[in-house]
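As provided, final-v4.cif (mmCIF, C-alpha atoms) reads as follows.
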```
data_my_file
loop_
_atom_site.label_atom_id
_atom_site.label_comp_id
_atom_site.auth_asym_id
_atom_site.auth_seq_id
_atom_site.Cartn_x
_atom_site.Cartn_y
_atom_site.Cartn_z
CA MET A 110 0.00 0.00 0.00
CA THR A 111 1.13 3.51 -0.78
CA PRO A 112 1.57 5.56 2.36
CA ALA A 113 -1.10 8.19 2.80
CA SER A 114 0.11 11.44 1.37
CA PRO A 115 -0.03 14.15 4.03
CA GLU A 116 -0.13 16.72 1.27
CA ARG A 117 -3.21 15.26 -0.38
CA ARG A 118 -4.83 14.89 3.01
CA GLU A 119 -4.27 18.59 3.67
CA GLN A 120 -5.57 19.49 0.21
CA LEU A 121 -8.73 17.54 0.89
CA LYS A 122 -9.19 19.13 4.29
CA ALA A 123 -8.83 22.62 2.82
CA ALA A 124 -11.23 21.82 -0.03
CA MET A 125 -13.83 20.41 2.36
CA LEU A 126 -13.58 23.56 4.44
CA ARG A 127 -14.19 25.72 1.36
CA LEU A 128 -17.01 23.43 0.32
CA SER A 129 -18.69 23.81 3.70
CA LYS A 130 -18.70 27.56 3.09
CA GLY A 131 -20.49 27.17 -0.22
CA ASP A 132 -17.53 27.35 -2.65
CA ARG A 133 -18.61 25.34 -5.68
CA ASP A 134 -15.14 25.09 -7.19
CA ALA A 135 -14.10 23.21 -4.09
CA LEU A 136 -16.43 20.40 -5.05
CA GLU A 137 -14.37 19.70 -8.15
CA VAL A 138 -11.21 19.56 -6.07
CA VAL A 139 -12.85 17.13 -3.66
CA TYR A 140 -14.02 15.08 -6.63
CA ARG A 141 -10.56 14.90 -8.16
CA LEU A 142 -9.03 13.87 -4.87
CA THR A 143 -11.58 11.28 -3.82
CA SER A 144 -13.67 9.97 -6.72
CA VAL A 145 -11.38 7.05 -7.51
CA LYS A 146 -11.57 5.78 -3.96
CA LEU A 147 -15.28 6.41 -3.54
CA PHE A 148 -16.07 4.87 -6.92
CA GLY A 149 -14.18 1.73 -5.89
CA ILE A 150 -16.30 1.53 -2.75
CA CYS A 151 -19.57 2.00 -4.65
CA LEU A 152 -18.52 -0.49 -7.30
CA ARG A 153 -17.71 -3.13 -4.73
CA ILE A 154 -21.19 -2.78 -3.27
CA LEU A 155 -23.22 -2.36 -6.44
CA GLY A 156 -21.19 -4.59 -8.73
CA ASP A 157 -22.12 -2.65 -11.84
CA ARG A 158 -20.30 0.32 -13.35
CA LYS A 159 -23.40 2.18 -14.42
CA GLU A 160 -25.10 1.78 -11.05
CA ALA A 161 -21.91 2.74 -9.27
CA GLU A 162 -21.52 5.84 -11.43
CA ASP A 163 -25.09 6.86 -10.66
CA ALA A 164 -24.37 6.33 -6.98
CA LEU A 165 -21.18 8.37 -7.24
CA GLN A 166 -23.03 11.24 -8.89
CA ASP A 167 -25.61 11.09 -6.11
CA VAL A 168 -22.85 11.14 -3.48
CA TYR A 169 -21.26 14.35 -4.73
CA ILE A 170 -24.55 16.11 -5.43
CA THR A 171 -25.75 15.23 -1.93
CA LEU A 172 -22.42 16.30 -0.51
CA TRP A 173 -22.82 19.68 -2.16
CA ARG A 174 -26.38 20.15 -0.99
CA ASN A 175 -25.52 19.28 2.58
CA ALA A 176 -22.08 20.84 2.62
CA ALA A 177 -22.81 23.22 5.45
CA ARG A 178 -23.58 20.33 7.76
CA TYR A 179 -20.09 19.00 7.33
CA ASP A 180 -17.92 19.68 10.33
CA ALA A 181 -14.72 20.94 8.76
CA LYS A 182 -12.79 20.30 11.98
CA ARG A 183 -13.39 16.58 11.56
CA ALA A 184 -10.16 14.67 11.86
CA SER A 185 -10.46 12.50 8.78
CA PRO A 186 -12.49 13.81 5.85
CA ILE A 187 -11.67 10.75 3.77
CA ALA A 188 -13.05 8.40 6.43
CA TRP A 189 -16.20 10.46 6.54
CA LEU A 190 -16.55 10.59 2.76
CA ALA A 191 -15.88 6.88 2.39
CA THR A 192 -18.53 6.04 4.96
CA PHE A 193 -20.96 8.47 3.36
CA ALA A 194 -20.44 6.94 -0.09
CA ARG A 195 -20.70 3.44 1.28
CA ASN A 196 -23.98 4.21 3.04
CA ARG A 197 -25.49 5.87 -0.03
CA ALA A 198 -24.53 2.87 -2.16
CA VAL A 199 -26.07 0.45 0.35
CA ASP A 200 -29.23 2.57 0.38
CA ARG A 201 -29.41 2.19 -3.37
CA LEU A 202 -29.02 -1.53 -3.06
CA ARG A 203 -31.79 -1.73 -0.47
CA THR A 204 -34.29 0.23 -2.52
CA GLY A 205 -34.36 -2.87 -4.70
CA LYS A 206 -33.88 -1.04 -7.97
CA VAL A 207 -30.38 -2.31 -8.37
CA ARG A 208 -29.77 -5.73 -9.77
CA ARG A 209 -26.49 -6.78 -8.26
CA GLY A 210 -24.12 -8.18 -10.83
CA ALA A 211 -20.88 -10.03 -10.45
CA VAL A 212 -18.26 -7.64 -9.19
CA PRO A 213 -15.90 -6.75 -12.04
CA VAL A 214 -13.19 -5.53 -9.74
CA GLU A 215 -10.25 -6.30 -12.03
CA ALA A 216 -11.79 -4.65 -15.05
CA ALA A 217 -12.56 -1.55 -13.08
CA ALA A 218 -9.23 -1.19 -11.36
CA GLU A 219 -7.31 0.02 -14.38
CA LEU A 220 -6.27 3.61 -14.05
CA PRO A 221 -4.62 5.81 -16.61
CA ASP A 222 -0.90 6.19 -16.02
CA GLY A 223 0.10 9.36 -14.29
CA ASP A 224 -3.40 10.07 -13.07
CA PRO A 225 -2.77 12.06 -9.90
CA SER A 226 -5.88 10.58 -8.35
CA ALA A 227 -4.16 7.23 -8.41
CA ASP A 228 -2.41 8.20 -5.20
CA ASP A 229 -4.09 6.58 -2.29
CA LEU A 230 -5.86 8.61 0.31
CA LEU A 231 -5.98 6.21 3.18
CA ILE A 232 -8.28 6.35 6.09
CA ASP A 233 -6.58 7.27 9.34
CA ALA A 234 -3.61 4.96 9.22
CA GLU A 235 -3.34 4.32 12.93
CA ARG A 236 -6.93 3.31 13.33
CA ALA A 237 -6.82 1.32 10.11
CA ALA A 238 -3.96 -0.74 11.43
CA ARG A 239 -5.87 -1.26 14.64
CA VAL A 240 -9.08 -2.42 13.03
CA HIS A 241 -7.21 -4.81 10.77
CA ALA A 242 -5.26 -6.18 13.73
CA CYS A 243 -8.53 -6.60 15.59
CA LEU A 244 -10.20 -8.32 12.66
CA ASP A 245 -7.28 -10.71 12.58
CA THR A 246 -8.14 -11.84 16.09
CA LEU A 247 -11.52 -13.11 14.88
CA ASP A 248 -12.13 -16.65 13.76
CA GLU A 249 -12.50 -16.97 10.03
CA PRO A 250 -16.21 -17.34 9.48
CA GLN A 251 -16.84 -14.31 11.67
CA ARG A 252 -14.18 -12.18 10.07
CA GLY A 253 -15.29 -13.02 6.55
CA ALA A 254 -18.94 -12.39 7.35
CA ILE A 255 -18.24 -8.97 8.81
CA ARG A 256 -16.04 -7.90 5.93
CA THR A 257 -18.50 -9.11 3.32
CA ALA A 258 -21.48 -7.58 5.09
CA PHE A 259 -19.77 -4.22 5.31
CA LEU A 260 -17.93 -4.06 2.01
CA GLU A 261 -20.63 -5.60 -0.14
CA GLY A 262 -23.66 -4.38 1.75
CA ARG A 263 -25.05 -7.88 2.28
CA THR A 264 -27.89 -8.64 4.64
CA TYR A 265 -27.92 -11.44 7.21
CA ALA A 266 -30.15 -13.49 4.93
CA GLU A 267 -27.86 -13.10 1.93
CA LEU A 268 -24.80 -13.94 3.99
CA ALA A 269 -26.46 -17.03 5.43
CA GLU A 270 -27.43 -18.24 1.99
CA HIS A 271 -24.03 -17.51 0.52
CA ASN A 272 -22.26 -19.39 3.33
CA ASN A 273 -24.87 -22.11 3.37
CA VAL A 274 -25.59 -21.81 7.09
CA PRO A 275 -28.84 -21.15 8.96
CA LEU A 276 -29.79 -17.52 9.49
CA GLY A 277 -29.37 -17.85 13.27
CA THR A 278 -25.84 -19.14 12.85
CA MET A 279 -24.91 -16.21 10.63
CA LYS A 280 -26.36 -13.77 13.14
CA SER A 281 -24.33 -15.38 15.89
CA TRP A 282 -21.12 -15.22 13.89
CA ILE A 283 -21.54 -11.54 13.22
CA ARG A 284 -22.68 -10.64 16.73
CA ARG A 285 -19.78 -12.45 18.32
CA GLY A 286 -17.42 -10.94 15.81
CA LEU A 287 -18.70 -7.44 16.47
CA LEU A 288 -18.35 -7.86 20.21
CA LYS A 289 -14.76 -9.02 19.83
CA LEU A 290 -14.07 -6.23 17.42
CA ARG A 291 -15.46 -3.62 19.80
CA THR A 292 -13.55 -5.00 22.76
CA CYS A 293 -10.33 -5.10 20.78
CA MET A 294 -10.83 -1.60 19.34
CA GLU A 295 -11.62 -0.17 22.75
CA GLY A 296 -8.32 -1.52 23.96
CA GLY A 297 -6.64 0.83 21.51
CA GLU A 298 -8.95 3.82 21.55
CA MET B 490 -18.69 -25.89 8.13
CA SER B 491 -18.02 -25.92 11.83
CA THR B 492 -19.56 -23.33 14.07
CA PRO B 493 -17.00 -22.01 16.49
CA GLY B 494 -17.79 -21.66 20.17
CA HIS B 495 -21.52 -21.81 20.72
CA ASP B 496 -21.05 -20.38 24.18
CA MET B 497 -19.08 -17.35 23.08
CA PRO B 498 -20.60 -14.04 24.13
CA GLU B 499 -22.36 -11.97 21.53
CA LEU B 500 -22.89 -8.29 21.16
CA SER B 501 -26.37 -7.48 22.42
CA GLY B 502 -28.84 -4.77 23.26
CA ASP B 503 -28.58 -1.26 21.93
CA ASP B 504 -24.93 -1.57 21.05
CA LEU B 505 -25.80 -4.50 18.81
CA LEU B 506 -28.59 -2.57 17.15
CA ALA B 507 -26.28 0.39 16.64
CA ALA B 508 -23.63 -1.84 15.09
CA GLU B 509 -26.16 -3.60 12.87
CA TYR B 510 -27.42 -0.23 11.72
CA ALA B 511 -23.92 1.04 10.98
CA MET B 512 -23.17 -2.19 9.12
CA GLY B 513 -26.35 -1.83 7.05
CA LEU B 514 -27.63 -5.23 8.15
CA LEU B 515 -31.10 -4.15 9.11
CA GLU B 516 -34.09 -4.30 6.78
CA GLY B 517 -37.78 -3.55 6.76
CA GLU B 518 -39.52 -2.88 10.04
CA ASP B 519 -36.33 -3.29 12.06
CA LEU B 520 -34.63 -0.63 9.99
CA LEU B 521 -37.58 1.71 10.30
CA ALA B 522 -37.71 1.29 14.07
CA VAL B 523 -34.00 1.99 14.44
CA ARG B 524 -34.22 5.06 12.23
CA GLY B 525 -36.92 6.35 14.52
CA ARG B 526 -34.62 5.88 17.48
CA MET B 527 -31.78 7.61 15.64
CA ALA B 528 -34.04 10.59 15.24
CA ARG B 529 -35.32 10.67 18.78
CA GLU B 530 -32.53 9.38 20.99
CA PRO B 531 -29.21 11.21 20.96
CA ALA B 532 -27.66 8.54 23.17
CA PHE B 533 -28.54 5.85 20.66
CA ALA B 534 -27.34 7.99 17.75
CA GLY B 535 -24.11 8.37 19.71
CA LEU B 536 -23.65 4.59 19.80
CA VAL B 537 -23.98 4.48 16.02
CA ALA B 538 -21.48 7.34 15.77
CA GLN B 539 -18.99 5.20 17.67
CA TRP B 540 -19.39 2.31 15.25
CA GLU B 541 -18.92 4.32 12.07
CA PRO B 542 -15.22 5.10 12.60
CA ARG B 543 -14.55 1.61 13.93
CA LEU B 544 -15.67 0.21 10.60
CA ALA B 545 -14.49 2.96 8.25
CA PRO B 546 -10.90 1.67 7.87
CA LEU B 547 -12.29 -1.41 6.13
CA LEU B 548 -13.17 0.92 3.28
CA ASP B 549 -9.51 1.14 2.32
CA GLU B 550 -9.83 -2.36 0.97
CA PRO B 551 -11.96 -2.08 -2.18
CA ALA B 552 -9.81 -1.66 -5.29
CA ARG B 553 -9.64 1.89 -6.54
CA ALA B 554 -11.53 2.40 -9.76
CA ALA B 555 -11.80 5.34 -12.10
CA PRO B 556 -15.31 6.40 -13.02
CA SER B 557 -15.82 7.54 -16.60
CA PRO B 558 -15.06 11.20 -17.20
CA GLU B 559 -18.74 11.83 -17.93
CA VAL B 560 -19.58 11.46 -14.25
CA TRP B 561 -18.01 14.76 -13.33
CA SER B 562 -19.67 16.43 -16.34
CA ARG B 563 -23.01 15.10 -15.17
CA ILE B 564 -22.46 16.40 -11.65
CA ALA B 565 -21.34 19.82 -12.90
CA GLY B 566 -24.23 19.86 -15.35
CA GLU B 567 -26.77 19.03 -12.69
CA LEU B 568 -25.53 21.80 -10.43
CA GLU B 569 -25.40 24.24 -13.34
CA GLU B 570 -28.87 23.38 -14.56
CA ARG B 571 -30.45 24.18 -11.26
CA ASP B 572 -27.96 26.93 -10.62
CA GLU B 573 -27.62 25.46 -7.25
CA ALA B 574 -26.26 27.26 -4.35
CA PRO B 575 -26.31 25.11 -1.23
CA SER B 576 -29.94 24.64 -0.31
CA PRO B 577 -31.70 27.50 1.46
CA VAL B 578 -31.90 25.19 4.44
CA VAL B 579 -28.16 24.95 4.58
CA LEU B 580 -27.75 28.70 4.32
CA LEU B 581 -30.36 29.34 6.94
CA GLN B 582 -28.71 26.92 9.27
CA ARG B 583 -25.87 29.33 9.54
CA ARG B 584 -28.07 32.21 10.54
CA VAL B 585 -31.13 30.94 12.26
CA ALA B 586 -31.24 29.08 15.50
CA VAL B 587 -34.40 27.21 14.79
CA TRP B 588 -35.02 25.21 17.85
CA GLN B 589 -33.71 25.56 21.29
CA ARG B 590 -30.90 23.16 21.84
CA ILE B 591 -32.08 20.06 23.53
CA ALA B 592 -31.14 19.59 27.10
CA ALA B 593 -28.86 16.67 26.31
CA GLY B 594 -25.22 17.11 27.23
CA SER B 595 -23.27 18.86 24.52
CA ALA B 596 -20.84 16.00 24.10
CA VAL B 597 -23.64 13.59 23.37
CA ALA B 598 -25.26 16.11 21.07
CA ALA B 599 -22.00 16.50 19.22
CA VAL B 600 -21.50 12.83 18.53
CA ALA B 601 -25.12 12.49 17.59
CA ALA B 602 -24.74 15.28 15.08
CA VAL B 603 -21.79 13.45 13.65
CA ALA B 604 -23.86 10.33 13.39
CA LEU B 605 -26.55 12.12 11.46
CA LEU B 606 -24.11 12.97 8.75
CA PHE B 607 -23.80 9.30 8.09
CA VAL B 608 -27.44 8.48 8.28
CA PRO B 609 -29.39 8.14 5.09
CA LEU B 610 -32.31 10.49 5.16
CA GLY B 611 -35.57 8.83 5.96
CA ASN B 612 -35.55 8.42 9.68
CA THR B 613 -39.04 8.03 10.97
CA PRO B 614 -40.94 6.28 13.67
CA ALA B 615 -42.14 2.84 12.73
CA PRO B 616 -45.41 2.90 10.82
CA ASP B 617 -48.57 1.35 12.11
CA PRO B 618 -48.28 -2.32 11.22
CA ALA B 619 -52.01 -2.44 10.47
CA THR B 620 -51.58 -0.54 7.23
CA ASP B 621 -50.91 -2.41 4.02
CA ALA B 622 -50.10 0.35 1.57
CA PRO B 623 -46.49 1.40 2.00
CA PRO B 624 -46.13 4.48 4.17
CA LEU B 625 -44.34 7.52 2.84
CA VAL B 626 -41.82 9.05 5.15
CA ALA B 627 -39.87 12.25 5.29
CA SER B 628 -37.16 13.09 7.72
CA ILE B 629 -36.48 16.70 8.46
CA PRO B 630 -33.17 17.40 10.13
CA ILE B 631 -33.16 20.35 12.46
CA ALA B 632 -30.25 22.67 12.04
CA ASP B 633 -27.34 22.26 14.42
CA THR B 634 -29.04 19.70 16.57
CA PRO B 635 -29.11 15.93 16.48
CA LEU B 636 -32.85 16.11 16.03
CA ARG B 637 -35.17 15.35 13.24
CA ILE B 638 -38.85 15.70 12.76
CA GLY B 639 -40.17 12.44 11.43
CA VAL B 640 -43.19 12.63 9.17
CA THR B 641 -44.91 9.41 8.19
CA PHE B 642 -47.93 9.33 5.92
CA LEU B 643 -50.18 6.28 6.10
CA PRO B 644 -52.05 6.23 2.77
CA GLU B 645 -54.83 3.85 3.75
CA ARG B 646 -55.77 5.83 6.80
CA GLU B 647 -55.07 9.22 5.31
CA GLU B 648 -53.22 9.95 8.50
CA LEU B 649 -50.01 11.73 9.19
CA LEU B 650 -47.75 10.78 12.08
CA VAL B 651 -45.60 13.66 13.18
CA ALA B 652 -42.83 12.89 15.65
CA ALA B 653 -41.53 16.09 17.16
CA ASP B 654 -40.72 14.68 20.57
CA GLY B 655 -37.48 15.90 22.01
CA LEU B 656 -38.17 19.39 20.70
CA THR B 657 -38.97 22.28 22.97
CA ALA B 658 -40.93 25.40 22.15
CA ASP B 659 -39.04 28.68 22.17
CA GLY B 660 -42.11 30.62 23.25
CA VAL B 661 -41.70 33.14 20.45
CA HIS B 662 -42.38 31.15 17.33
CA ASP B 663 -44.43 28.26 16.16
CA HIS B 664 -43.29 25.98 13.40
CA GLU B 665 -45.58 24.77 10.71
CA LEU B 666 -45.35 21.84 8.31
CA TRP B 667 -46.16 22.33 4.64
CA LEU B 668 -46.60 19.98 1.75
CA MET B 669 -45.01 21.11 -1.50
CA PRO B 670 -46.22 18.75 -4.22
CA PRO B 671 -43.75 17.94 -6.99
CA GLY B 672 -43.99 19.82 -10.27
CA GLU B 673 -43.92 23.34 -11.57
CA GLY B 674 -46.25 25.89 -10.12
CA ALA B 675 -47.33 23.78 -7.16
CA GLN B 676 -48.54 25.72 -4.15
CA PRO B 677 -47.52 24.87 -0.62
CA GLN B 678 -50.34 23.46 1.48
CA SER B 679 -50.33 23.69 5.25
CA LEU B 680 -50.22 20.44 7.20
CA GLY B 681 -50.57 22.27 10.48
CA VAL B 682 -48.48 23.60 13.31
CA VAL B 683 -45.97 21.24 14.87
CA ALA B 684 -46.48 20.60 18.54
CA PRO B 685 -43.00 20.38 20.08
CA GLY B 686 -42.36 17.48 22.40
CA THR B 687 -45.09 15.26 21.02
CA GLN B 688 -45.84 12.49 18.62
CA GLU B 689 -49.10 13.30 16.96
CA ARG B 690 -51.46 11.53 14.65
CA VAL B 691 -53.26 13.91 12.33
CA SER B 692 -56.12 13.06 9.97
CA LEU B 693 -55.70 14.64 6.58
CA ASP B 694 -58.31 16.04 4.29
CA PRO B 695 -58.77 13.59 1.35
CA SER B 696 -57.62 16.20 -1.15
CA LEU B 697 -54.52 16.83 0.90
CA ALA B 698 -53.98 13.11 1.40
CA GLY B 699 -54.16 12.66 -2.37
CA ALA B 700 -51.32 15.12 -2.82
CA MET B 701 -49.00 13.24 -0.45
CA ARG B 702 -46.88 11.36 -2.89
CA GLN B 703 -43.38 10.20 -3.46
CA GLY B 704 -41.03 13.07 -4.15
CA ALA B 705 -43.20 15.73 -2.56
CA GLN B 706 -41.29 18.10 -0.32
CA ILE B 707 -42.21 18.61 3.29
CA LEU B 708 -41.18 22.04 4.48
CA LEU B 709 -40.87 23.36 7.98
CA SER B 710 -41.42 27.08 8.33
CA GLN B 711 -41.00 29.50 11.17
CA GLU B 712 -44.22 31.35 11.96
CA PRO B 713 -45.68 33.68 14.51
CA LEU B 714 -47.32 31.92 17.44
CA GLY B 715 -50.48 30.25 16.23
CA GLY B 716 -49.12 29.48 12.78
CA ALA B 717 -48.99 31.22 9.43
CA PRO B 718 -51.54 34.03 9.22
CA ASP B 719 -51.85 33.48 5.47
CA LYS B 720 -52.34 29.79 4.74
CA SER B 721 -51.17 30.17 1.16
CA ALA B 722 -47.74 31.46 2.12
CA PRO B 723 -45.30 29.87 4.52
CA GLY B 724 -42.95 32.04 6.51
CA PRO B 725 -39.19 31.46 6.29
CA VAL B 726 -38.48 27.83 5.45
CA VAL B 727 -36.01 26.55 8.00
CA ALA B 728 -35.84 22.86 7.17
CA GLN B 729 -37.10 20.42 4.61
CA GLY B 730 -37.36 16.77 3.70
CA THR B 731 -38.66 14.66 0.84
CA LEU B 732 -41.41 12.07 1.03
CA ALA B 733 -40.22 8.67 -0.03
CA LYS B 734 -41.19 5.06 0.34
CA THR B 735 -39.22 3.32 3.01
#
```
Written form, structure tokens:
Amino acid sequence: MTPASPERREQLKAAMLRLSKGDRDALEVVYRLTSVKLFGICLRILGDRKEAEDALQDVYITLWRNAARYDAKRASPIAWLATFARNRAVDRLRTGKVRRGAVPVEAAAELPDGDPSADDLLIDAERAARVHACLDTLDEPQRGAIRTAFLEGRTYAELAEHNNVPLGTMKSWIRRGLLKLRTCMEGGE
Amino acid sequence: MSTPGHDMPELSGDDLLAAEYAMGLLEGEDLLAVRGRMAREPAFAGLVAQWEPRLAPLLDEPARAAPSPEVWSRIAGELEERDEAPSPVVLLQRRVAVWQRIAAGSAVAAVAAVALLFVPLGNTPAPDPATDAPPLVASIPIADTPLRIGVTFLPEREELLVAADGLTADGVHDHELWLMPPGEGAQPQSLGVVAPGTQERVSLDPSLAGAMRQGAQILLSQEPLGGAPDKSAPGPVVAQGTLAKT
């Protein structure tokens, strides 16, 4: 993984601050800095380029409309934006209009050479390391279920079917996993 | 596949619900009920706000992908077309203190406000399970507070549920709800004055009920005590939401 670029992080912070004050040009800066990451997140959930592009459009339009509610002092704008995009994409999935396709991750991952947006903006590195370390303490079915649920926006029922286990078993896996995750994260918070 | 440790402890109670909500695992009635709690209970919203950053680092994992260049053009075009400044609500938030701050501790209020930024709009109290037609809901965030007014329309009963509990009156203004049907030239129609601190069930006129449809805007205006003197013209609009199926 590329280390998070402090410079890009600062650029994003400054752009989000301008955005929160109603500067429309700042939205384009935010888009250039973050769209590749947010599109990857939407694509993983929606599994379809067109749907993911519609979701991405919705994310930035909504961001603009609600810009003043953004707290510009927030520590990690990219974490906030990633969560926001993820939640909007899951909403889209749940409205039932989206037919989830196979996830063409490889096909989508190609980026033009020299595209500055190819630099990674990573979510708070310290906490990221912590959450991954904590996930590693989970037993496999729990860890996999939590990752899939979160990154692909799956429901309990879908996860149970996919893993071929009863619904109650899947719920238990995730609930145990979440408890362990919380306990482990609290140890480092 | 083996099931590890049947006797292992599980997350439970409100913290479980908050985590399930943050994970996006809830559906249907469960989701609706939790959204209602998000709107009404800052402490619960605070639990969700704790889960969001715990999970966010996982979002570094999906492979980066470049959207087609048209996406930015579409975004710019959409803003241009409507010549959009940030919504009037957003601008007003900076100037108008709409509701008195709730009595909740400021730290709790702060995390709850953070949580709201992550919450998809649409938080409402759970609908009456006796109704068959899908309810329409609108969630109206109140500026600078973790509060929302939840508006749920039950088509079969032609009733409106308005959840304004947690709000307190300022003694100087009343606030009134308005329906703004979609389409050009639509006129706002009063849905009545909001009673702070209550959950109310209001019967709607059939003509008004007929105009409650997906996409209609629900506006909240600031009025003199007693409500708008002229029922064809709302006072300053201080918040708004959109009716949508849940």
**Message:** For this structure, which residues satisfy the selection - the PyMOL selection byres ((chain A) within 6 of (chain B)) - when it is evaluated on the file as given? I want them as a ChimeraX atom specification.
**Reply:** /A:145-146,148-150,166,174,177,188,193,217-218,232,237,259,264,284-285,288
Next, write the just-selected residues to a file, as a PDB file, in the coordinates of the input, keeping C-alpha atoms as the atom set.
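Result went into out18.pdb, see below:
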```
ATOM      1  CA  VAL A 145     -11.380   7.050  -7.510  1.00  0.00           C
ATOM      2  CA  LYS A 146     -11.570   5.780  -3.960  1.00  0.00           C
ATOM      3  CA  PHE A 148     -16.070   4.870  -6.920  1.00  0.00           C
ATOM      4  CA  GLY A 149     -14.180   1.730  -5.890  1.00  0.00           C
ATOM      5  CA  ILE A 150     -16.300   1.530  -2.750  1.00  0.00           C
ATOM      6  CA  GLN A 166     -23.030  11.240  -8.890  1.00  0.00           C
ATOM      7  CA  ARG A 174     -26.380  20.150  -0.990  1.00  0.00           C
ATOM      8  CA  ALA A 177     -22.810  23.220   5.450  1.00  0.00           C
ATOM      9  CA  ALA A 188     -13.050   8.400   6.430  1.00  0.00           C
ATOM     10  CA  PHE A 193     -20.960   8.470   3.360  1.00  0.00           C
ATOM     11  CA  ALA A 217     -12.560  -1.550 -13.080  1.00  0.00           C
ATOM     12  CA  ALA A 218      -9.230  -1.190 -11.360  1.00  0.00           C
ATOM     13  CA  ILE A 232      -8.280   6.350   6.090  1.00  0.00           C
ATOM     14  CA  ALA A 237      -6.820   1.320  10.110  1.00  0.00           C
ATOM     15  CA  PHE A 259     -19.770  -4.220   5.310  1.00  0.00           C
ATOM     16  CA  THR A 264     -27.890  -8.640   4.640  1.00  0.00           C
ATOM     17  CA  ARG A 284     -22.680 -10.640  16.730  1.00  0.00           C
ATOM     18  CA  ARG A 285     -19.780 -12.450  18.320  1.00  0.00           C
ATOM     19  CA  LEU A 288     -18.350  -7.860  20.210  1.00  0.00           C
TER      20      LEU A 288
END
```
**Request:** Could you jot down the CA of Val683 in chain B to CA of Leu709 in chain B separation for me, Å, one decimal place?
**Result:**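 That distance, rounded to one decimal, is 8.8 Å.
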**Asked** What does the distance between CA of Ala161 in chain A and CA of Gly704 in chain B come to in Å, to one decimal place?
**Response** 22.3 Å
**Request:** Spell out the residues picked by the PyMOL selection byres ((chain A and resi 120) around 12) here, as a count of residues only.
**Result:** 23
**Prompt:** Using all atoms listed in the file, which residue out of A:Ala176, A:Leu244, A:Leu202, A:Ala191 lies closest to Asp132 in chain A?
**Reply:**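 Of A:Ala176, A:Leu244, A:Leu202, A:Ala191, the one nearest Asp132 in chain A is A:Ala176, counting all atoms listed in the file.
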As AutoDock Vina command-line options, what would the box around range 184-189 of chain A look like: edges along x, y and z, 4 Å added on every side, centre and edge lengths in Å to one decimal?
```
--center_x -13.2 --center_y 11.5 --center_z 7.8 --size_x 14.0 --size_y 14.3 --size_z 16.1
```
**Prompt:** From the set A:Ala254, A:Ile170, A:Leu155, A:Leu276, which residue has the shortest atom-to-atom contact distance to Glu569 in chain B, counting only C-alpha atoms?
**Reply:**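 Answer, going by the shortest atom-to-atom distance: A:Ile170.
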**Message:** Can you spell out as a count of residues only the set of residues that the PyMOL selection byres ((chain B and resi 700) around 12) selects in the structure I just provided?
**Reply:** 31
**Asked** What is the distance between CA of Gly156 in chain A and CA of Asn196 in chain A, in Å to one decimal?
**Response**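 Answer for the CA of Gly156 in chain A to CA of Asn196 in chain A separation: 15.0 Å.
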**Asked** Of the residues B:Leu521, B:Val626, B:Ala722, B:Val640, which is the one nearest to Arg690 in chain B, using all atoms listed in the file?
**Response** B:Val640
**Asked** Using only C-alpha atoms, which residue out of A:Leu136, A:Leu260, A:Thr292, A:Arg201 lies closest to Asp163 in chain A?
**Response**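 Result for the nearest residue to Asp163 in chain A: A:Arg201.
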**Counting only C-alpha atoms, the residue of A:Arg256, A:Arg236, A:Lys130, A:Arg183 that sits nearest Ile154 in chain A** =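 Among the listed residues, the smallest separation from Ile154 in chain A belongs to A:Arg256.
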